[in-house]
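A.B. asks: Mind looking over this structure? Questions follow.
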Amino acid sequence: MNASITAIFYGLVGAGVAVALFLSDSTGSRYERSFRVLTAFLFWPLYLPLLLRPTGPSVPITQPSAAPSDELAAQIAQVETELGRALQSLNVEQDSALRPELDRISALQTECRMQAERVRELDRLLAQPAFVESAPVSSETERAAQCEQSRQQNLSRLRAIRQTIHQNLLDTLAGIRELVTRIHLAKYTGNPTASELSAQLAAAIAGMSEVSAVSSD
Amino acid sequence: MTSNTLSNSERFVSQLSQTSIRQATLDDLPVLEVDNLATSTADDLDEGSTNLSVLGLVELILKRRDTLDRLIRDPNLQPILLPRFLAISLIGFVFFGVAMSLVLTSSHVWPELASITHKLRGTTDSLVTFRSAPGMANHWRDGSVLKLTAAYAFGLIAATGVCLPSLYFYGLLAGVRMSLLDVAVQALKSKATSAVALVGILPIYAAVGMGIVIFEAPESVRIGAYWLGLILPFIAGLWGTTSLYHSFAKMCDTLPLERRWQRTCFLRRLVASWAACYTAVSPVMIYTLWERLAR
């Protein structure tokens, strides 16, 4: 296929796209429409996505991923944003020495979200009418009274577990925030090498992982 | 300083195991607006101050790149912005063609192109030879100027069209949620940025061009200046590439949080690879068109 035949085919497709665009899009002034049609003929590969876009109510598919839906998720997202900014300021992605720490930070973030999910699960569980704290029901038999007492103890333990996980999660988040400030501090008070920063990140992450592990047990 | 921070680090780790105080710290968190910025669309912006005409877009390219990056993600604005970015690019490249022709004609030279086939067969030494061409207006009358301008304007934009599917594919590979229209608008915004930068550089190049004519610079300097002119759109293209690189990095907020770190890095590398691919395709496209038109 020589250049002339290629040009003919290119022009034919271009004419098709230009006509389709002229018929489908009547917005703008006469000059704008003329410009669109002319350039669609010449540069039709650029206009093809415009022509093939869905015509229904437009929903931006490039919107950011699921926004935090509760206070805990909002706190996690906020801490992650702070950490992201700090790491970006260090150009950590370009630094091969710091790259392993990125994976650990990523794992820690996943751990935080898992802990938050456990807290939510326990909240949902404890919010059930049967589990809401109330005055012990007076039982007719001794066996029933023992069961009721044991039930109340289990509920108390569940609440304590929820409180521990929640507190540990908050500790981890506070630790990450402290780490963020240390990254900024290291950047502005000196010129730390990658290995020094890596050591700091590793030490901090290890500590936070420890806290997370305690709450998972 | 290092030992100090490391000891702080150890203290920090030891403090982490203590369960205390932290609730109050988190309650006082300042509200960040990063995600809010990413989610805001054209409706959230002050439409009165955001002029989306061709000149308004040029101003946004020069002064408010973050606002522009947000605007081009609005699907309602994309059909309006796409032809306008194209118009900015075409105007910029036409300016370049005219300025380049002025420099060449005032130097009384015009580039003569050899066929790529002849070069590959070894029957010619150089693809581009600058021949002396007396008469200032000849090349304007015989259409040579038009051919040079058309080859650059069409070639630079058509190369974007050729490389567009690969940019879309790279985006998908990195996991970014974007449509082909998003990619087309991003690519054209980058092209418009290059064109604006090119128009900014042109006066400097024109001054250099006039300087070599007025001061009768040696032949080697003249040839160097002509070559510099021919590659000027690629030098200006670095601004466009940077713009595309940053825009795509911002698109990473469509990724799930747990994968954002790794994917952002990957996507940035892919965009840089695409820019390299485009830089290889566009000169071939321009040269082929110019050589065909000049026959």
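A note on labels: chains of the structure tokens are A, B, ... as shown, every chain counts residues from 1, and ligands are counted from 1 in their shown order.
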Can you list every residue in stretch 113-274 of chain B that DSSP puts in helix (DSSP H, G or I), as an NGL selection string?
C.D. replies: :B and (116-121 or 138-141 or 144-174 or 180-214 or 219-254 or 257-274)
A.B. asks: Find the residues near B:Tyr278: any atom within 8 Å, counting only C-alpha atoms, skip ones fewer than 2 places away on the same chain, and give them as a PDB file with C-alpha atoms, in the first residue's frame.
C.D. replies:
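Result went into selection-v2.pdb, see below:
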```
ATOM      1  CA  ALA B 159       2.017  11.803  15.797  1.00  0.00           C
ATOM      2  CA  THR B 160      -0.027  12.361  18.958  1.00  0.00           C
ATOM      3  CA  CYS B 163       0.659   7.339  19.852  1.00  0.00           C
ATOM      4  CA  TRP B 274       5.456   7.145  26.024  1.00  0.00           C
ATOM      5  CA  ALA B 275       7.128  10.536  25.685  1.00  0.00           C
ATOM      6  CA  ALA B 276      10.244   8.790  24.373  1.00  0.00           C
ATOM      7  CA  ALA B 280      10.824   8.928  18.027  1.00  0.00           C
ATOM      8  CA  VAL B 281       7.594   8.907  15.989  1.00  0.00           C
ATOM      9  CA  SER B 282       7.085  12.629  15.432  1.00  0.00           C
TER      10      SER B 282
END
```
A.B. asks: Go ahead and compute the interatomic distance for atom CA of A:Ala40 and atom CA of A:Ala18, in Å to one decimal.
C.D. replies: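 Distance between the two atoms: 5.0 Å.
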A.B. asks: Could you tell me how far atom CA of A:Ser89 sits from atom CA of A:Thr181, in Å to one decimal place?
C.D. replies: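 Spanning atom CA of A:Thr181 to atom CA of A:Ser89 is a straight-line distance of 11.9 Å.
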A.B. asks: Just to confirm, what's the straight-line distance from atom CA of B:Pro111 to atom CA of B:Thr129 in Å (one decimal)?
C.D. replies: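 According to the coordinates, atom CA of B:Pro111 and atom CA of B:Thr129 are separated by 5.5 Å.
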A.B. asks: Would you pick out the contacts of stretch 124-130 of chain A at 10 Å or less, using only C-alpha atoms, so that residues sharing its chain but fewer than 3 positions from it are not included, and give the list as a count of residues only?
C.D. replies: 10
A.B. asks: Which of these residues is nearest to B:Ala207, using only C-alpha atoms: B:Ala225, B:Phe266, B:Phe154, B:Ala236?
C.D. replies: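 Selected residue with least distance to B:Ala207: B:Ala225.
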A.B. asks: Can you pull out every residue within 9 Å of B:Tyr226, counting only C-alpha atoms, but drop anything in the same chain fewer than 3 positions away, and send it as a tab-separated table (two decimals) with N, CA and C atoms, in the first residue's frame?
C.D. replies:
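The new file result_37.tsv reads:
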```tsv
chain	number	residue	atom	x	y	z
B	100	MET	N	10.39	30.13	11.28
B	100	MET	CA	11.50	29.33	10.73
B	100	MET	C	11.74	29.71	9.27
B	103	VAL	N	13.55	33.03	9.05
B	103	VAL	CA	14.99	32.91	9.34
B	103	VAL	C	15.71	32.31	8.13
B	104	LEU	N	15.12	31.26	7.54
B	104	LEU	CA	15.77	30.59	6.41
B	104	LEU	C	15.84	31.50	5.19
B	111	PRO	N	16.23	24.28	3.20
B	111	PRO	CA	16.63	22.87	3.35
B	111	PRO	C	16.14	22.00	2.19
B	130	PHE	N	21.36	22.09	3.57
B	130	PHE	CA	20.94	23.49	3.48
B	130	PHE	C	21.58	24.11	2.24
B	209	GLY	N	18.60	33.95	14.84
B	209	GLY	CA	18.59	33.83	13.37
B	209	GLY	C	19.01	35.14	12.71
B	221	VAL	N	28.42	27.68	12.30
B	221	VAL	CA	27.47	28.28	13.26
B	221	VAL	C	26.10	28.41	12.61
B	222	ARG	N	26.11	28.82	11.34
B	222	ARG	CA	24.83	28.97	10.63
B	222	ARG	C	24.09	27.63	10.53
B	223	ILE	N	24.85	26.60	10.12
B	223	ILE	CA	24.22	25.28	9.99
B	223	ILE	C	23.68	24.83	11.35
B	229	GLY	N	16.85	25.38	14.87
B	229	GLY	CA	15.48	25.78	14.51
B	229	GLY	C	14.60	24.59	14.19
B	230	LEU	N	15.18	23.64	13.44
B	230	LEU	CA	14.38	22.47	13.04
B	230	LEU	C	13.98	21.61	14.25
B	231	ILE	N	14.84	21.59	15.27
B	231	ILE	CA	14.50	20.76	16.44
B	231	ILE	C	13.84	21.57	17.56
```
A.B. asks: From the list B:Leu62, B:Leu90, B:Arg84, B:Ala249, which residue is nearest B:Ala174 when using only C-alpha atoms?
C.D. replies: B:Ala249
A.B. asks: Go through B:Met251, B:Leu77, B:Val98, B:Ala197 and flag the residue nearest B:Lys147, using only C-alpha atoms for the distances.
C.D. replies: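 Once distances to B:Lys147 are computed over only C-alpha atoms, the minimum belongs to B:Val98.
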A.B. asks: Would you list, as a PyMOL selection string, the residues of stretch 77-276 of chain B that end up in strand (DSSP E or B) under DSSP run on this structure's backbone?
C.D. replies: chain B and resi 109-113+128-132
A.B. asks: Any chance you could export the current selection's N, CA and C atoms as a PDB file, in the first residue's frame?
C.D. replies:
```pdb
ATOM      1  N   VAL B 109      18.933  30.595   2.419  1.00  0.00           N
ATOM      2  CA  VAL B 109      19.104  29.133   2.311  1.00  0.00           C
ATOM      3  C   VAL B 109      17.724  28.473   2.423  1.00  0.00           C
ATOM      4  N   TRP B 110      17.664  27.249   1.945  1.00  0.00           N
ATOM      5  CA  TRP B 110      16.442  26.465   2.142  1.00  0.00           C
ATOM      6  C   TRP B 110      16.833  24.987   2.248  1.00  0.00           C
ATOM      7  N   PRO B 111      16.230  24.278   3.202  1.00  0.00           N
ATOM      8  CA  PRO B 111      16.627  22.870   3.352  1.00  0.00           C
ATOM      9  C   PRO B 111      16.135  21.999   2.185  1.00  0.00           C
ATOM     10  N   GLU B 112      17.028  21.143   1.735  1.00  0.00           N
ATOM     11  CA  GLU B 112      16.655  20.201   0.681  1.00  0.00           C
ATOM     12  C   GLU B 112      16.638  18.812   1.296  1.00  0.00           C
ATOM     13  N   LEU B 113      15.540  18.128   1.119  1.00  0.00           N
ATOM     14  CA  LEU B 113      15.388  16.839   1.807  1.00  0.00           C
ATOM     15  C   LEU B 113      15.668  15.679   0.860  1.00  0.00           C
ATOM     16  N   VAL B 128      19.125  16.020   5.335  1.00  0.00           N
ATOM     17  CA  VAL B 128      18.793  17.440   5.141  1.00  0.00           C
ATOM     18  C   VAL B 128      20.058  18.197   4.747  1.00  0.00           C
ATOM     19  N   THR B 129      19.973  18.897   3.635  1.00  0.00           N
ATOM     20  CA  THR B 129      21.103  19.726   3.183  1.00  0.00           C
ATOM     21  C   THR B 129      20.597  21.161   3.033  1.00  0.00           C
ATOM     22  N   PHE B 130      21.357  22.091   3.574  1.00  0.00           N
ATOM     23  CA  PHE B 130      20.936  23.490   3.476  1.00  0.00           C
ATOM     24  C   PHE B 130      21.585  24.112   2.237  1.00  0.00           C
ATOM     25  N   ARG B 131      20.793  24.276   1.185  1.00  0.00           N
ATOM     26  CA  ARG B 131      21.289  24.824  -0.094  1.00  0.00           C
ATOM     27  C   ARG B 131      21.068  26.325  -0.113  1.00  0.00           C
ATOM     28  N   SER B 132      22.006  27.026  -0.728  1.00  0.00           N
ATOM     29  CA  SER B 132      21.800  28.474  -0.825  1.00  0.00           C
ATOM     30  C   SER B 132      20.719  28.729  -1.881  1.00  0.00           C
TER      31      SER B 132
END
```
A.B. asks: Near stretch 1-17 of chain A, within 12 Å and counting only C-alpha atoms, which residues show up once chain neighbours fewer than 5 positions away are dropped, as a VMD selection string?
C.D. replies: (chain A and resid 22 to 25 36 to 52) or (chain B and resid 158 288 to 289 292 to 293)
A.B. asks: Write out the residues from the selection above, keeping N, CA and C atoms, as a PDB file, in the first residue's frame.
C.D. replies:
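For reference, result.pdb as written:
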```
ATOM      1  N   PHE A  22     -20.326  16.586  12.889  1.00  0.00           N
ATOM      2  CA  PHE A  22     -21.188  17.709  12.486  1.00  0.00           C
ATOM      3  C   PHE A  22     -22.648  17.423  12.863  1.00  0.00           C
ATOM      4  N   LEU A  23     -23.058  16.171  12.656  1.00  0.00           N
ATOM      5  CA  LEU A  23     -24.455  15.814  12.944  1.00  0.00           C
ATOM      6  C   LEU A  23     -24.717  15.657  14.437  1.00  0.00           C
ATOM      7  N   SER A  24     -23.712  15.194  15.160  1.00  0.00           N
ATOM      8  CA  SER A  24     -23.951  14.870  16.587  1.00  0.00           C
ATOM      9  C   SER A  24     -23.724  16.051  17.524  1.00  0.00           C
ATOM     10  N   ASP A  25     -22.918  17.005  17.106  1.00  0.00           N
ATOM     11  CA  ASP A  25     -22.560  18.081  18.030  1.00  0.00           C
ATOM     12  C   ASP A  25     -22.890  19.434  17.404  1.00  0.00           C
ATOM     13  N   ARG A  36     -14.207  22.574  14.111  1.00  0.00           N
ATOM     14  CA  ARG A  36     -14.281  21.183  14.587  1.00  0.00           C
ATOM     15  C   ARG A  36     -14.357  20.210  13.411  1.00  0.00           C
ATOM     16  N   VAL A  37     -15.224  20.547  12.437  1.00  0.00           N
ATOM     17  CA  VAL A  37     -15.418  19.641  11.298  1.00  0.00           C
ATOM     18  C   VAL A  37     -14.131  19.545  10.478  1.00  0.00           C
ATOM     19  N   LEU A  38     -13.504  20.689  10.234  1.00  0.00           N
ATOM     20  CA  LEU A  38     -12.276  20.693   9.430  1.00  0.00           C
ATOM     21  C   LEU A  38     -11.160  19.916  10.118  1.00  0.00           C
ATOM     22  N   THR A  39     -10.985  20.180  11.408  1.00  0.00           N
ATOM     23  CA  THR A  39      -9.900  19.488  12.122  1.00  0.00           C
ATOM     24  C   THR A  39     -10.242  18.015  12.364  1.00  0.00           C
ATOM     25  N   ALA A  40     -11.554  17.706  12.441  1.00  0.00           N
ATOM     26  CA  ALA A  40     -11.931  16.294  12.588  1.00  0.00           C
ATOM     27  C   ALA A  40     -11.574  15.528  11.322  1.00  0.00           C
ATOM     28  N   PHE A  41     -11.684  16.197  10.167  1.00  0.00           N
ATOM     29  CA  PHE A  41     -11.300  15.564   8.906  1.00  0.00           C
ATOM     30  C   PHE A  41      -9.792  15.285   8.887  1.00  0.00           C
ATOM     31  N   LEU A  42      -9.015  16.260   9.359  1.00  0.00           N
ATOM     32  CA  LEU A  42      -7.551  16.129   9.315  1.00  0.00           C
ATOM     33  C   LEU A  42      -6.990  15.281  10.458  1.00  0.00           C
ATOM     34  N   PHE A  43      -7.566  15.468  11.644  1.00  0.00           N
ATOM     35  CA  PHE A  43      -7.017  14.786  12.835  1.00  0.00           C
ATOM     36  C   PHE A  43      -8.065  13.879  13.469  1.00  0.00           C
ATOM     37  N   TRP A  44      -8.700  13.054  12.643  1.00  0.00           N
ATOM     38  CA  TRP A  44      -9.819  12.261  13.160  1.00  0.00           C
ATOM     39  C   TRP A  44      -9.452  11.313  14.307  1.00  0.00           C
ATOM     40  N   PRO A  45      -8.204  10.782  14.393  1.00  0.00           N
ATOM     41  CA  PRO A  45      -7.946   9.894  15.547  1.00  0.00           C
ATOM     42  C   PRO A  45      -8.137  10.595  16.897  1.00  0.00           C
ATOM     43  N   LEU A  46      -7.968  11.918  16.906  1.00  0.00           N
ATOM     44  CA  LEU A  46      -8.136  12.650  18.169  1.00  0.00           C
ATOM     45  C   LEU A  46      -9.609  12.894  18.482  1.00  0.00           C
ATOM     46  N   TYR A  47     -10.442  12.946  17.435  1.00  0.00           N
ATOM     47  CA  TYR A  47     -11.871  13.212  17.642  1.00  0.00           C
ATOM     48  C   TYR A  47     -12.693  11.937  17.835  1.00  0.00           C
ATOM     49  N   LEU A  48     -12.115  10.822  17.450  1.00  0.00           N
ATOM     50  CA  LEU A  48     -12.857   9.558  17.554  1.00  0.00           C
ATOM     51  C   LEU A  48     -13.327   9.274  18.988  1.00  0.00           C
ATOM     52  N   PRO A  49     -12.467   9.464  20.003  1.00  0.00           N
ATOM     53  CA  PRO A  49     -12.941   9.236  21.389  1.00  0.00           C
ATOM     54  C   PRO A  49     -14.109  10.142  21.761  1.00  0.00           C
ATOM     55  N   LEU A  50     -14.124  11.350  21.186  1.00  0.00           N
ATOM     56  CA  LEU A  50     -15.210  12.298  21.464  1.00  0.00           C
ATOM     57  C   LEU A  50     -16.521  11.778  20.890  1.00  0.00           C
ATOM     58  N   LEU A  51     -16.397  11.197  19.717  1.00  0.00           N
ATOM     59  CA  LEU A  51     -17.581  10.683  19.025  1.00  0.00           C
ATOM     60  C   LEU A  51     -18.113   9.418  19.696  1.00  0.00           C
ATOM     61  N   LEU A  52     -17.196   8.629  20.243  1.00  0.00           N
ATOM     62  CA  LEU A  52     -17.586   7.328  20.801  1.00  0.00           C
ATOM     63  C   LEU A  52     -17.892   7.387  22.296  1.00  0.00           C
TER      64      LEU A  52
ATOM     65  N   ALA B 158      -0.454  14.858  14.351  1.00  0.00           N
ATOM     66  CA  ALA B 158      -0.813  13.509  13.900  1.00  0.00           C
ATOM     67  C   ALA B 158      -0.018  12.450  14.652  1.00  0.00           C
ATOM     68  N   THR B 288       8.756  12.621   6.824  1.00  0.00           N
ATOM     69  CA  THR B 288       8.080  11.919   5.717  1.00  0.00           C
ATOM     70  C   THR B 288       7.093  12.851   5.018  1.00  0.00           C
ATOM     71  N   LEU B 289       6.317  13.563   5.816  1.00  0.00           N
ATOM     72  CA  LEU B 289       5.336  14.487   5.228  1.00  0.00           C
ATOM     73  C   LEU B 289       6.025  15.594   4.429  1.00  0.00           C
ATOM     74  N   ARG B 292       7.520  14.274   1.222  1.00  0.00           N
ATOM     75  CA  ARG B 292       6.471  13.957   0.238  1.00  0.00           C
ATOM     76  C   ARG B 292       5.915  15.238  -0.380  1.00  0.00           C
ATOM     77  N   LEU B 293       5.642  16.207   0.489  1.00  0.00           N
ATOM     78  CA  LEU B 293       5.058  17.465   0.006  1.00  0.00           C
ATOM     79  C   LEU B 293       6.049  18.236  -0.874  1.00  0.00           C
TER      80      LEU B 293
END
```
A.B. asks: Looking at B:Met136, B:Leu188, B:Ile88, B:Ala217, which one is nearest to chain A, with distances taken over only C-alpha atoms?
C.D. replies: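 Closest residue, counting only C-alpha atoms: B:Leu188.
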A.B. asks: Write out as a ChimeraX atom specification each polymer residue whose atoms come within 8 Å of B:Ala187, counting only C-alpha atoms; drop sequence neighbours fewer than 4 positions from it.
C.D. replies: /B:160,164,183,191,244
A.B. asks: Restricting the output to C-alpha atoms, write the selected residues as a PDB file, in the first residue's frame.
C.D. replies:
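Result file is selection35.pdb:
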```
ATOM      1  CA  THR B 160      -0.027  12.361  18.958  1.00  0.00           C
ATOM      2  CA  LEU B 164      -2.691   7.917  21.582  1.00  0.00           C
ATOM      3  CA  VAL B 183      -6.308  10.451  27.384  1.00  0.00           C
ATOM      4  CA  LYS B 191       0.608  19.507  22.941  1.00  0.00           C
ATOM      5  CA  LEU B 244       1.663  15.329  30.765  1.00  0.00           C
TER       6      LEU B 244
END
```
A.B. asks: Identify which of the residues B:Gly143, B:Pro134, B:Gly175, B:Gly97 lies closest to chain A, counting only C-alpha atoms when measuring atom-to-atom distances.
C.D. replies: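 For chain A, the nearest of the given residues is B:Gly175.
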A.B. asks: Using only C-alpha atoms, can you tell me which of B:Arg269, B:Arg177, B:Arg70, B:Arg295 comes closest to chain A?
C.D. replies: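 Counting only C-alpha atoms, the residue closest to chain A is B:Arg177.
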